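The next block is final-v5.txt, given as compact mmCIF, C-alpha atoms.
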```txt
# COMPACT_ATOMS: atom_id res chain seq x y z
CA MET A 26 -10.18 16.55 12.90
CA ARG A 27 -13.97 16.07 13.05
CA LYS A 28 -14.35 18.00 9.81
CA ASN A 29 -11.79 15.77 8.09
CA LYS A 30 -13.54 12.62 9.30
CA LYS A 31 -16.89 13.91 8.14
CA TRP A 32 -15.39 14.75 4.76
CA PHE A 33 -13.84 11.28 4.47
CA THR A 34 -17.16 9.59 5.35
CA LEU A 35 -19.08 11.66 2.79
CA LEU A 36 -16.42 10.91 0.18
CA SER A 37 -16.63 7.17 0.85
CA VAL A 38 -20.44 7.23 0.54
CA ALA A 39 -20.21 9.22 -2.69
CA ILE A 40 -17.72 6.73 -4.13
CA VAL A 41 -19.99 3.83 -3.25
CA MET A 42 -23.02 5.54 -4.82
CA ILE A 43 -21.06 6.01 -8.04
CA LEU A 44 -19.96 2.39 -8.00
CA ALA A 45 -23.50 1.22 -7.36
CA GLY A 46 -24.51 2.90 -10.62
CA CYS A 47 -21.69 1.55 -12.76
CA GLY A 48 -20.08 -1.29 -10.85
CA GLY A 49 -22.35 -4.18 -11.73
CA GLU A 50 -19.61 -5.75 -13.81
CA ALA A 51 -18.39 -8.12 -11.11
CA ALA A 52 -21.91 -9.31 -10.30
CA SER A 53 -22.84 -9.84 -13.96
CA GLY A 54 -20.92 -13.09 -14.40
CA ASP A 55 -21.98 -16.68 -13.64
CA SER A 56 -23.64 -16.67 -10.21
CA ASN A 57 -21.61 -19.76 -9.29
CA GLN A 58 -18.32 -18.01 -9.97
CA VAL A 59 -16.22 -16.80 -7.06
CA VAL A 60 -16.06 -13.01 -7.29
CA ILE A 61 -12.71 -11.44 -6.36
CA LEU A 62 -12.37 -7.68 -5.89
CA SER A 63 -8.79 -6.43 -5.74
CA ASN A 64 -6.93 -3.16 -5.37
CA GLY A 65 -3.83 -4.87 -6.80
CA ASP A 66 -2.02 -3.33 -9.74
CA GLU A 67 -1.76 -5.02 -13.13
CA GLU A 68 1.26 -7.16 -12.23
CA ALA A 69 -0.38 -8.51 -9.07
CA VAL A 70 -3.68 -9.28 -10.77
CA ASN A 71 -1.91 -11.07 -13.63
CA VAL A 72 -0.02 -13.29 -11.17
CA MET A 73 -3.24 -14.11 -9.32
CA GLU A 74 -5.04 -15.02 -12.54
CA GLU A 75 -2.17 -17.22 -13.75
CA THR A 76 -1.99 -18.97 -10.37
CA LEU A 77 -5.72 -19.72 -10.25
CA ASN A 78 -5.76 -20.93 -13.85
CA ASP A 79 -2.74 -23.19 -13.28
CA ALA A 80 -4.52 -24.64 -10.23
CA GLY A 81 -7.52 -25.63 -12.36
CA PHE A 82 -9.88 -22.76 -11.48
CA GLU A 83 -10.12 -21.17 -14.93
CA GLY A 84 -13.74 -20.15 -15.48
CA ASP A 85 -14.60 -20.60 -11.80
CA TYR A 86 -13.84 -17.01 -10.77
CA LEU A 87 -14.27 -13.42 -11.87
CA ILE A 88 -11.70 -10.83 -10.79
CA GLN A 89 -12.25 -7.08 -10.91
CA SER A 90 -9.71 -4.36 -10.11
CA LEU A 91 -10.71 -1.26 -8.18
CA GLY A 92 -8.68 1.59 -6.75
CA THR A 93 -7.86 1.47 -3.05
CA SER A 94 -10.26 4.30 -2.17
CA GLU A 95 -13.01 2.77 -4.32
CA LEU A 96 -12.75 -0.69 -2.84
CA GLY A 97 -12.25 0.74 0.63
CA GLY A 98 -15.42 2.78 0.28
CA LYS A 99 -17.37 -0.29 -0.75
CA LEU A 100 -16.06 -2.36 2.16
CA LEU A 101 -16.89 0.29 4.74
CA ALA A 102 -20.31 1.09 3.32
CA GLU A 103 -21.56 -2.36 2.26
CA GLY A 104 -20.04 -4.83 4.70
CA LYS A 105 -21.12 -8.42 4.07
CA SER A 106 -23.53 -7.35 1.33
CA ILE A 107 -20.63 -6.52 -0.97
CA GLU A 108 -20.78 -8.60 -4.17
CA ALA A 109 -17.33 -10.08 -3.56
CA ASP A 110 -16.53 -13.50 -2.10
CA ILE A 111 -12.80 -12.69 -1.78
CA VAL A 112 -11.04 -9.34 -1.50
CA THR A 113 -7.37 -8.49 -1.79
CA MET A 114 -6.84 -5.10 -0.25
CA SER A 115 -4.59 -2.84 1.84
CA SER A 116 -4.48 -4.47 5.26
CA TYR A 117 -5.47 -1.32 7.13
CA PHE A 118 -8.76 -1.16 5.22
CA LEU A 119 -9.47 -4.80 6.08
CA GLU A 120 -8.83 -4.04 9.75
CA SER A 121 -11.29 -1.14 9.76
CA ALA A 122 -13.94 -3.00 7.73
CA GLU A 123 -13.82 -5.97 10.11
CA LYS A 124 -14.06 -3.69 13.14
CA GLN A 125 -17.09 -1.94 11.66
CA HIS A 126 -18.96 -4.89 10.13
CA ASP A 127 -17.52 -8.19 11.50
CA MET A 128 -17.60 -9.27 7.86
CA PHE A 129 -14.73 -11.73 7.26
CA LYS A 130 -14.32 -15.45 7.90
CA ASP A 131 -11.43 -16.67 9.99
CA LEU A 132 -9.04 -18.41 7.60
CA SER A 133 -8.76 -22.12 8.36
CA PHE A 134 -5.41 -22.72 6.65
CA ASP A 135 -1.99 -22.17 8.21
CA THR A 136 0.23 -19.66 6.41
CA SER A 137 3.51 -19.69 8.41
CA SER A 138 3.80 -15.93 8.10
CA LEU A 139 6.87 -14.23 9.55
CA VAL A 140 4.69 -11.71 11.41
CA GLU A 141 1.50 -12.50 13.31
CA TYR A 142 -1.69 -11.25 11.64
CA PRO A 143 -5.38 -11.41 12.62
CA ASN A 144 -7.09 -14.71 11.79
CA PHE A 145 -9.32 -13.15 9.14
CA TYR A 146 -6.59 -12.08 6.70
CA THR A 147 -3.07 -12.88 5.60
CA PRO A 148 -0.75 -10.78 3.39
CA LEU A 149 -0.19 -11.33 -0.33
CA LEU A 150 2.48 -8.70 -0.91
CA ALA A 151 4.30 -5.85 0.79
CA ASN A 152 5.87 -2.57 -0.25
CA THR A 153 8.69 -0.78 1.58
CA GLY A 154 9.53 2.91 1.41
CA SER A 155 12.94 4.53 0.96
CA LEU A 156 14.73 7.54 -0.41
CA PHE A 157 16.42 7.45 -3.81
CA TYR A 158 18.36 9.94 -5.89
CA ASN A 159 19.65 10.70 -9.37
CA THR A 160 23.40 10.26 -9.06
CA SER A 161 24.21 12.50 -12.06
CA LEU A 162 21.92 15.38 -11.08
CA LEU A 163 22.99 15.36 -7.44
CA GLU A 164 26.62 15.61 -8.52
CA GLN A 165 25.78 18.30 -11.06
CA LYS A 166 24.09 20.36 -8.33
CA GLY A 167 27.04 19.84 -5.98
CA LEU A 168 24.85 18.29 -3.27
CA GLU A 169 25.78 15.66 -0.72
CA VAL A 170 23.79 12.41 -0.70
CA PRO A 171 21.13 12.80 2.02
CA THR A 172 20.94 10.19 4.75
CA SER A 173 17.62 11.25 6.28
CA ILE A 174 14.16 12.33 5.20
CA LYS A 175 14.55 15.45 7.35
CA GLU A 176 17.35 16.73 5.10
CA LEU A 177 14.89 17.08 2.22
CA ALA A 178 13.43 20.08 4.07
CA GLU A 179 16.73 22.00 3.83
CA PRO A 180 16.91 25.02 1.48
CA GLN A 181 19.44 23.50 -0.93
CA TYR A 182 16.85 20.94 -2.04
CA GLU A 183 14.21 23.48 -3.06
CA GLY A 184 12.66 22.41 -6.36
CA LEU A 185 14.69 19.19 -6.36
CA VAL A 186 12.41 16.89 -4.32
CA SER A 187 9.52 14.65 -5.31
CA ILE A 188 7.24 12.85 -2.83
CA PRO A 189 3.90 11.02 -3.09
CA ASN A 190 0.83 12.77 -1.70
CA ILE A 191 -0.73 10.82 1.20
CA MET A 192 -4.14 12.09 0.09
CA ASP A 193 -3.80 10.01 -3.09
CA SER A 194 -1.20 7.34 -2.39
CA SER A 195 -0.56 4.86 0.41
CA THR A 196 3.14 5.16 -0.47
CA GLY A 197 2.98 8.68 0.91
CA TRP A 198 1.74 7.26 4.20
CA MET A 199 5.07 5.49 4.75
CA LEU A 200 6.80 8.86 4.56
CA ILE A 201 4.47 10.34 7.19
CA GLN A 202 4.94 7.35 9.50
CA ALA A 203 8.71 7.78 9.35
CA ILE A 204 8.54 11.50 10.14
CA ILE A 205 6.08 11.21 13.03
CA SER A 206 7.85 8.20 14.53
CA GLU A 207 11.20 9.97 14.60
CA TYR A 208 10.28 13.57 15.37
CA GLY A 209 6.78 13.55 16.86
CA GLU A 210 3.93 15.62 15.48
CA GLU A 211 5.07 19.12 16.50
CA THR A 212 8.61 18.96 15.12
CA GLY A 213 7.49 16.56 12.40
CA LYS A 214 5.03 19.12 11.07
CA LYS A 215 7.89 21.60 10.55
CA VAL A 216 9.89 18.93 8.71
CA MET A 217 6.87 18.05 6.59
CA ALA A 218 6.22 21.72 5.76
CA GLY A 219 9.79 22.16 4.53
CA ILE A 220 9.60 19.05 2.35
CA ILE A 221 6.27 20.09 0.84
CA LYS A 222 7.72 23.54 0.07
CA ASN A 223 10.78 22.01 -1.58
CA ALA A 224 8.66 19.56 -3.59
CA GLY A 225 6.52 22.35 -5.03
CA PRO A 226 4.86 20.97 -8.18
CA HIS A 227 6.44 17.55 -7.64
CA LEU A 228 3.86 16.33 -5.11
CA GLU A 229 2.79 13.14 -6.84
CA SER A 230 -0.62 11.43 -6.92
CA SER A 231 0.94 8.06 -7.72
CA GLY A 232 3.29 5.95 -5.61
CA SER A 233 5.55 5.52 -8.63
CA GLY A 234 5.46 9.19 -9.62
CA SER A 235 8.56 10.14 -7.65
CA ILE A 236 10.85 7.46 -9.08
CA LYS A 237 9.81 8.52 -12.58
CA LYS A 238 10.68 12.15 -11.85
CA VAL A 239 14.05 11.21 -10.32
CA GLN A 240 14.91 8.82 -13.12
CA ALA A 241 14.06 11.44 -15.74
CA GLY A 242 16.30 13.98 -13.99
CA GLU A 243 13.43 16.39 -13.28
CA VAL A 244 14.34 16.29 -9.58
CA ALA A 245 17.37 15.03 -7.69
CA VAL A 246 15.84 13.19 -4.72
CA GLY A 247 12.58 11.38 -4.08
CA PHE A 248 10.70 9.14 -1.70
CA GLY A 249 8.85 6.07 -2.90
CA LEU A 250 8.92 2.32 -3.26
CA ARG A 251 12.29 0.84 -2.49
CA HIS A 252 12.08 -2.07 -4.91
CA GLN A 253 11.47 0.29 -7.83
CA ALA A 254 14.69 2.15 -7.07
CA VAL A 255 16.60 -1.14 -6.76
CA ALA A 256 15.23 -2.28 -10.12
CA ALA A 257 16.11 1.05 -11.78
CA LYS A 258 19.67 0.89 -10.46
CA THR A 259 20.05 -2.75 -11.53
CA GLY A 260 18.76 -1.79 -14.99
CA GLY A 261 21.53 0.76 -15.43
CA ALA A 262 19.70 3.99 -14.64
CA PRO A 263 21.64 6.73 -12.77
CA ILE A 264 19.71 5.89 -9.61
CA ASP A 265 20.77 4.87 -6.13
CA PHE A 266 18.71 4.32 -2.99
CA ILE A 267 19.02 5.23 0.68
CA ASP A 268 17.55 3.58 3.77
CA PRO A 269 16.86 6.76 5.77
CA THR A 270 17.83 7.17 9.41
CA GLU A 271 14.12 7.56 10.27
CA GLY A 272 13.54 3.99 9.10
CA ASN A 273 11.97 2.00 6.27
CA PHE A 274 8.23 1.60 6.86
CA SER A 275 6.05 -0.84 4.93
CA THR A 276 2.47 -1.46 3.90
CA THR A 277 0.91 -4.82 3.12
CA GLU A 278 -1.90 -5.90 0.83
CA SER A 279 -3.76 -8.93 2.14
CA ILE A 280 -6.44 -11.43 1.23
CA ALA A 281 -9.69 -12.03 3.11
CA VAL A 282 -12.84 -14.10 2.54
CA ILE A 283 -16.24 -12.47 3.05
CA ASP A 284 -18.43 -14.34 5.54
CA LYS A 285 -21.52 -15.08 3.43
CA GLY A 286 -23.09 -17.55 5.86
CA GLU A 287 -25.23 -20.19 4.17
CA GLU A 288 -24.59 -18.61 0.77
CA GLN A 289 -20.83 -19.18 1.10
CA LYS A 290 -19.27 -20.49 -2.12
CA GLU A 291 -17.26 -23.60 -1.31
CA LEU A 292 -14.37 -22.63 -3.60
CA ALA A 293 -13.79 -19.20 -2.06
CA GLU A 294 -11.50 -20.21 0.80
CA GLU A 295 -9.86 -22.88 -1.36
CA MET A 296 -8.94 -20.22 -3.91
CA ALA A 297 -7.71 -17.91 -1.15
CA GLU A 298 -5.37 -20.63 0.11
CA VAL A 299 -4.05 -21.28 -3.39
CA LEU A 300 -3.33 -17.58 -3.87
CA VAL A 301 -1.46 -17.34 -0.57
CA LYS A 302 0.57 -20.51 -1.00
CA GLU A 303 1.18 -20.56 -4.74
CA ALA A 304 1.01 -16.96 -6.00
CA ARG A 305 3.77 -15.77 -3.69
CA GLU A 306 6.46 -17.21 -5.97
CA GLY A 307 5.36 -14.84 -8.73
CA LEU A 308 4.43 -11.89 -6.52
CA ILE A 309 7.77 -11.78 -4.74
CA ASP A 310 9.48 -11.16 -8.09
CA TYR A 311 7.58 -7.88 -8.39
CA TYR A 312 7.36 -7.04 -4.68
CA PRO A 313 10.56 -8.44 -3.15
CA VAL A 314 9.69 -8.47 0.55
CA ALA A 315 9.78 -11.80 2.42
CA LEU A 316 6.48 -12.48 4.23
CA TYR A 317 6.52 -16.24 4.91
CA ASP A 318 8.88 -18.87 6.27
CA GLY A 319 11.36 -20.04 3.64
CA GLU A 320 11.10 -16.96 1.42
CA THR A 321 14.30 -15.21 0.43
CA VAL A 322 15.06 -12.07 -1.54
CA ALA A 323 18.30 -10.65 -2.91
CA ASP A 324 20.41 -8.75 -0.39
CA GLU A 325 19.83 -5.43 -2.12
CA ASN A 326 16.09 -5.83 -1.55
CA ILE A 327 16.46 -6.16 2.23
CA ALA A 328 15.94 -2.79 3.90
CA SER A 329 18.61 -2.07 6.50
CA ASN A 330 16.43 -0.04 8.85
CA GLN A 331 13.00 -1.68 8.82
CA LYS A 332 10.54 -0.23 11.34
CA ILE A 333 6.89 -0.65 12.32
CA PHE A 334 4.68 2.25 13.40
CA SER A 335 3.70 2.21 17.06
CA GLU A 336 -0.05 2.18 16.34
CA PRO A 337 -2.04 -0.35 14.28
CA MET A 338 -2.63 0.67 10.67
CA THR A 339 -6.32 1.59 10.31
CA VAL A 340 -8.37 3.95 8.16
CA GLU A 341 -8.81 6.10 11.26
CA LEU A 342 -5.03 6.45 11.65
CA LEU A 343 -4.74 7.23 7.94
CA GLU A 344 -7.26 10.07 8.35
CA LYS A 345 -5.27 11.40 11.31
CA HIS A 346 -2.04 11.38 9.31
CA GLN A 347 -3.75 12.97 6.30
CA ALA A 348 -4.84 15.80 8.60
CA PHE A 349 -1.24 16.10 9.83
CA PHE A 350 -0.05 16.38 6.22
CA ASN A 351 -2.67 18.99 5.29
CA SER A 352 -1.88 21.08 8.36
CA ALA A 353 1.77 21.23 7.25
CA LYS A 354 0.97 22.82 3.90
```
For this file, write the structure as structure tokens.
Amino acid sequence: MRKNKKWFTLLSVAIVMILAGCGGEAASGDSNQVVILSNGDEEAVNVMEETLNDAGFEGDYLIQSLGTSELGGKLLAEGKSIEADIVTMSSYFLESAEKQHDMFKDLSFDTSSLVEYPNFYTPLLANTGSLFYNTSLLEQKGLEVPTSIKELAEPQYEGLVSIPNIMDSSTGWMLIQAIISEYGEETGKKVMAGIIKNAGPHLESSGSGSIKKVQAGEVAVGFGLRHQAVAAKTGGAPIDFIDPTEGNFSTTESIAVIDKGEEQKELAEEMAEVLVKEAREGLIDYYPVALYDGETVADENIASNQKIFSEPMTVELLEKHQAFFNSAK
């Protein structure tokens, strides 16, 4: 475990050093602009930009997209000296960065979130994990529809499974949470080893990699983002989804304002509030998970077995679960 943590720390520092050499883009704009760094994908960033522009902030901000590991490395290494005024980021990274640097302002606006969060951040979107399968290929192979993640370790699924790699994708972390929560680490490691063996070359670096493989008929069953499987089924693809007996676990991406002290830009928290209260209408179309009072999603987007891991989501827990995954190979 110590070796893994040392490796992760060195990796984070290396990432930050690379960014320091080529990441001046965000700081190169108007010094009065609010700088937003985000790990959001293209759809999320587009919604944020449209929301800010509609609210009259066009030209008052600069938004830059970074990968989760890149932005996480910057947060952990730079603390308050990061060039951003606002960050939107995986919540577990915000938790660890605040613990290490005490770097975020408490948000002054009320959000009416369905779940209680720390005062220094509030969620923008959430993703939920599930199983899904290619209805045609499963029938062709003469296989029963699985009801649990554990079944993917059984011999009949060899070469027919695709899962995201937790070393590259936070979607893969939801799979690990489900396995450890249900079976513990000792038995869970055996389950994980069987799934990895059955996945073979279909261990994906992207959270959406598995649904693409299942939809293309390259494999029969996969684990990934539930809303993508719902959308594929609704669009007419030979796809169906399963809420596994181990549970549907979720990750959130949240917004936080860097505490810049006397150099604080007045618009930063105002923009953060606009994004939370006005961007949700657009974001929930892409990421259909209700986070705030009054939000509704279609019945098919409501997971039937939603669960929360027993420990807080932090970078330290992620490292522990990455080590669990690697030990199962």
How many Å separate CA of Leu96 in chain A from CA of Leu300 in chain A?
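Separation between CA of Leu96 in chain A and CA of Leu300 in chain A: 19.4 Å.
Take CA of Asn223 in chain A and CA of Phe334 in chain A: the distance between them is 25.5 Å.
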Given all atoms listed in the file as the counted atoms, nearest of A:Ala353, A:Val59, A:Ile267, A:Met114 to Met217 in chain A:
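Among A:Ala353, A:Val59, A:Ile267, A:Met114, it is A:Ala353 that comes nearest to Met217 in chain A.
Minimum atom-to-atom distance to Tyr158 in chain A, evaluated using all atoms listed in the file, belongs to A:Gln240 out of A:Asn326, A:Ser352, A:Ser133, A:Gln240.
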Enter the distance from CA of Leu100 in chain A to CA of Thr136 in chain A, in Å, rounded to one decimal.
24.1 Å
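Taking only C-alpha atoms into account, Pro189 in chain A lies nearest to A:Pro226 out of the set A:Gly260, A:Gly97, A:Pro226, A:Gly242.
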Counting only C-alpha atoms, which residue out of A:Glu294, A:Glu183, A:Asp193, A:Glu271 sits closest to Tyr208 in chain A?
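Once distances to Tyr208 in chain A are computed over only C-alpha atoms, the minimum belongs to A:Glu271.
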Counting all atoms listed in the file, closest pick from A:Asn144, A:Ser106, A:Asn152, A:Asn78 relative to Leu308 in chain A is A:Asn152
Please identify all polymer residues within 9 Å of Glu243 in chain A, counting only C-alpha atoms, omitting same-chain residues fewer than 5 positions from it, and present them as a list of chain:residue names.
A:Leu162, A:Leu185, A:Lys237, A:Lys238
Show me, as a count of residues only, the residues that have an atom within 9 Å of Thr93 in chain A when counting only C-alpha atoms, minus same-chain residues fewer than 4 positions from it.
10
Kindly add N, CA, C and O atoms to the incomplete range 322-347 of chain A and provide the output as a PDB file, in the coordinates of the input.
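The file below, part-v9.pdb, is the result:
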```pdb
ATOM      1  N   VAL A 322      14.926 -13.072  -0.496  1.00  0.00           N
ATOM      2  CA  VAL A 322      15.060 -12.070  -1.540  1.00  0.00           C
ATOM      3  C   VAL A 322      16.532 -11.671  -1.625  1.00  0.00           C
ATOM      4  O   VAL A 322      17.305 -11.923  -0.689  1.00  0.00           O
ATOM      5  N   ALA A 323      16.911 -11.083  -2.728  1.00  0.00           N
ATOM      6  CA  ALA A 323      18.300 -10.650  -2.910  1.00  0.00           C
ATOM      7  C   ALA A 323      18.674  -9.638  -1.837  1.00  0.00           C
ATOM      8  O   ALA A 323      17.828  -8.869  -1.360  1.00  0.00           O
ATOM      9  N   ASP A 324      19.937  -9.619  -1.466  1.00  0.00           N
ATOM     10  CA  ASP A 324      20.410  -8.750  -0.390  1.00  0.00           C
ATOM     11  C   ASP A 324      20.036  -7.286  -0.616  1.00  0.00           C
ATOM     12  O   ASP A 324      19.692  -6.574   0.339  1.00  0.00           O
ATOM     13  N   GLU A 325      20.111  -6.833  -1.866  1.00  0.00           N
ATOM     14  CA  GLU A 325      19.830  -5.430  -2.120  1.00  0.00           C
ATOM     15  C   GLU A 325      18.367  -5.069  -1.870  1.00  0.00           C
ATOM     16  O   GLU A 325      18.014  -3.896  -1.721  1.00  0.00           O
ATOM     17  N   ASN A 326      17.506  -6.078  -1.815  1.00  0.00           N
ATOM     18  CA  ASN A 326      16.090  -5.830  -1.550  1.00  0.00           C
ATOM     19  C   ASN A 326      15.734  -5.914  -0.070  1.00  0.00           C
ATOM     20  O   ASN A 326      14.555  -5.804   0.290  1.00  0.00           O
ATOM     21  N   ILE A 327      16.704  -6.092   0.785  1.00  0.00           N
ATOM     22  CA  ILE A 327      16.460  -6.160   2.230  1.00  0.00           C
ATOM     23  C   ILE A 327      16.769  -4.795   2.829  1.00  0.00           C
ATOM     24  O   ILE A 327      17.922  -4.357   2.849  1.00  0.00           O
ATOM     25  N   ALA A 328      15.748  -4.104   3.307  1.00  0.00           N
ATOM     26  CA  ALA A 328      15.940  -2.790   3.900  1.00  0.00           C
ATOM     27  C   ALA A 328      16.764  -2.910   5.175  1.00  0.00           C
ATOM     28  O   ALA A 328      16.554  -3.814   5.982  1.00  0.00           O
ATOM     29  N   SER A 329      17.690  -1.984   5.363  1.00  0.00           N
ATOM     30  CA  SER A 329      18.610  -2.070   6.500  1.00  0.00           C
ATOM     31  C   SER A 329      18.062  -1.468   7.778  1.00  0.00           C
ATOM     32  O   SER A 329      18.638  -1.651   8.853  1.00  0.00           O
ATOM     33  N   ASN A 330      16.939  -0.745   7.670  1.00  0.00           N
ATOM     34  CA  ASN A 330      16.430  -0.040   8.850  1.00  0.00           C
ATOM     35  C   ASN A 330      14.914  -0.180   8.945  1.00  0.00           C
ATOM     36  O   ASN A 330      14.189   0.798   9.119  1.00  0.00           O
ATOM     37  N   GLN A 331      14.433  -1.411   8.830  1.00  0.00           N
ATOM     38  CA  GLN A 331      13.000  -1.680   8.820  1.00  0.00           C
ATOM     39  C   GLN A 331      12.371  -1.337  10.166  1.00  0.00           C
ATOM     40  O   GLN A 331      12.879  -1.707  11.224  1.00  0.00           O
ATOM     41  N   LYS A 332      11.255  -0.602  10.117  1.00  0.00           N
ATOM     42  CA  LYS A 332      10.540  -0.230  11.340  1.00  0.00           C
ATOM     43  C   LYS A 332       9.041  -0.397  11.161  1.00  0.00           C
ATOM     44  O   LYS A 332       8.530  -0.430  10.040  1.00  0.00           O
ATOM     45  N   ILE A 333       8.345  -0.511  12.306  1.00  0.00           N
ATOM     46  CA  ILE A 333       6.890  -0.650  12.320  1.00  0.00           C
ATOM     47  C   ILE A 333       6.322   0.490  13.161  1.00  0.00           C
ATOM     48  O   ILE A 333       6.824   0.774  14.255  1.00  0.00           O
ATOM     49  N   PHE A 334       5.283   1.141  12.673  1.00  0.00           N
ATOM     50  CA  PHE A 334       4.680   2.250  13.400  1.00  0.00           C
ATOM     51  C   PHE A 334       4.087   1.752  14.715  1.00  0.00           C
ATOM     52  O   PHE A 334       3.631   0.610  14.817  1.00  0.00           O
ATOM     53  N   SER A 335       4.093   2.617  15.710  1.00  0.00           N
ATOM     54  CA  SER A 335       3.700   2.210  17.060  1.00  0.00           C
ATOM     55  C   SER A 335       2.215   1.929  17.219  1.00  0.00           C
ATOM     56  O   SER A 335       1.799   1.271  18.172  1.00  0.00           O
ATOM     57  N   GLU A 336       1.391   2.420  16.285  1.00  0.00           N
ATOM     58  CA  GLU A 336      -0.050   2.180  16.340  1.00  0.00           C
ATOM     59  C   GLU A 336      -0.474   1.281  15.188  1.00  0.00           C
ATOM     60  O   GLU A 336       0.143   1.293  14.124  1.00  0.00           O
ATOM     61  N   PRO A 337      -1.555   0.499  15.376  1.00  0.00           N
ATOM     62  CA  PRO A 337      -2.040  -0.350  14.280  1.00  0.00           C
ATOM     63  C   PRO A 337      -2.476   0.493  13.083  1.00  0.00           C
ATOM     64  O   PRO A 337      -3.011   1.593  13.243  1.00  0.00           O
ATOM     65  N   MET A 338      -2.227  -0.027  11.888  1.00  0.00           N
ATOM     66  CA  MET A 338      -2.630   0.670  10.670  1.00  0.00           C
ATOM     67  C   MET A 338      -4.138   0.503  10.463  1.00  0.00           C
ATOM     68  O   MET A 338      -4.627  -0.615  10.272  1.00  0.00           O
ATOM     69  N   THR A 339      -4.873   1.590  10.525  1.00  0.00           N
ATOM     70  CA  THR A 339      -6.320   1.590  10.310  1.00  0.00           C
ATOM     71  C   THR A 339      -6.682   2.790   9.451  1.00  0.00           C
ATOM     72  O   THR A 339      -5.878   3.737   9.290  1.00  0.00           O
ATOM     73  N   VAL A 340      -7.900   2.798   8.924  1.00  0.00           N
ATOM     74  CA  VAL A 340      -8.370   3.950   8.160  1.00  0.00           C
ATOM     75  C   VAL A 340      -8.410   5.184   9.058  1.00  0.00           C
ATOM     76  O   VAL A 340      -8.106   6.298   8.623  1.00  0.00           O
ATOM     77  N   GLU A 341      -8.753   4.980  10.326  1.00  0.00           N
ATOM     78  CA  GLU A 341      -8.810   6.100  11.260  1.00  0.00           C
ATOM     79  C   GLU A 341      -7.434   6.743  11.443  1.00  0.00           C
ATOM     80  O   GLU A 341      -7.312   7.973  11.495  1.00  0.00           O
ATOM     81  N   LEU A 342      -6.384   5.912  11.527  1.00  0.00           N
ATOM     82  CA  LEU A 342      -5.030   6.450  11.650  1.00  0.00           C
ATOM     83  C   LEU A 342      -4.620   7.145  10.353  1.00  0.00           C
ATOM     84  O   LEU A 342      -3.957   8.193  10.385  1.00  0.00           O
ATOM     85  N   LEU A 343      -5.023   6.587   9.224  1.00  0.00           N
ATOM     86  CA  LEU A 343      -4.740   7.230   7.940  1.00  0.00           C
ATOM     87  C   LEU A 343      -5.350   8.627   7.901  1.00  0.00           C
ATOM     88  O   LEU A 343      -4.698   9.596   7.496  1.00  0.00           O
ATOM     89  N   GLU A 344      -6.604   8.755   8.326  1.00  0.00           N
ATOM     90  CA  GLU A 344      -7.260  10.070   8.350  1.00  0.00           C
ATOM     91  C   GLU A 344      -6.480  11.044   9.241  1.00  0.00           C
ATOM     92  O   GLU A 344      -6.297  12.216   8.893  1.00  0.00           O
ATOM     93  N   LYS A 345      -6.034  10.558  10.386  1.00  0.00           N
ATOM     94  CA  LYS A 345      -5.270  11.400  11.310  1.00  0.00           C
ATOM     95  C   LYS A 345      -3.978  11.889  10.656  1.00  0.00           C
ATOM     96  O   LYS A 345      -3.614  13.068  10.763  1.00  0.00           O
ATOM     97  N   HIS A 346      -3.297  11.001   9.945  1.00  0.00           N
ATOM     98  CA  HIS A 346      -2.040  11.380   9.310  1.00  0.00           C
ATOM     99  C   HIS A 346      -2.264  12.241   8.066  1.00  0.00           C
ATOM    100  O   HIS A 346      -1.412  13.062   7.715  1.00  0.00           O
ATOM    101  N   GLN A 347      -3.411  12.068   7.401  1.00  0.00           N
ATOM    102  CA  GLN A 347      -3.750  12.970   6.300  1.00  0.00           C
ATOM    103  C   GLN A 347      -3.971  14.389   6.824  1.00  0.00           C
ATOM    104  O   GLN A 347      -3.562  15.368   6.202  1.00  0.00           O
TER     105      GLN A 347
END
```
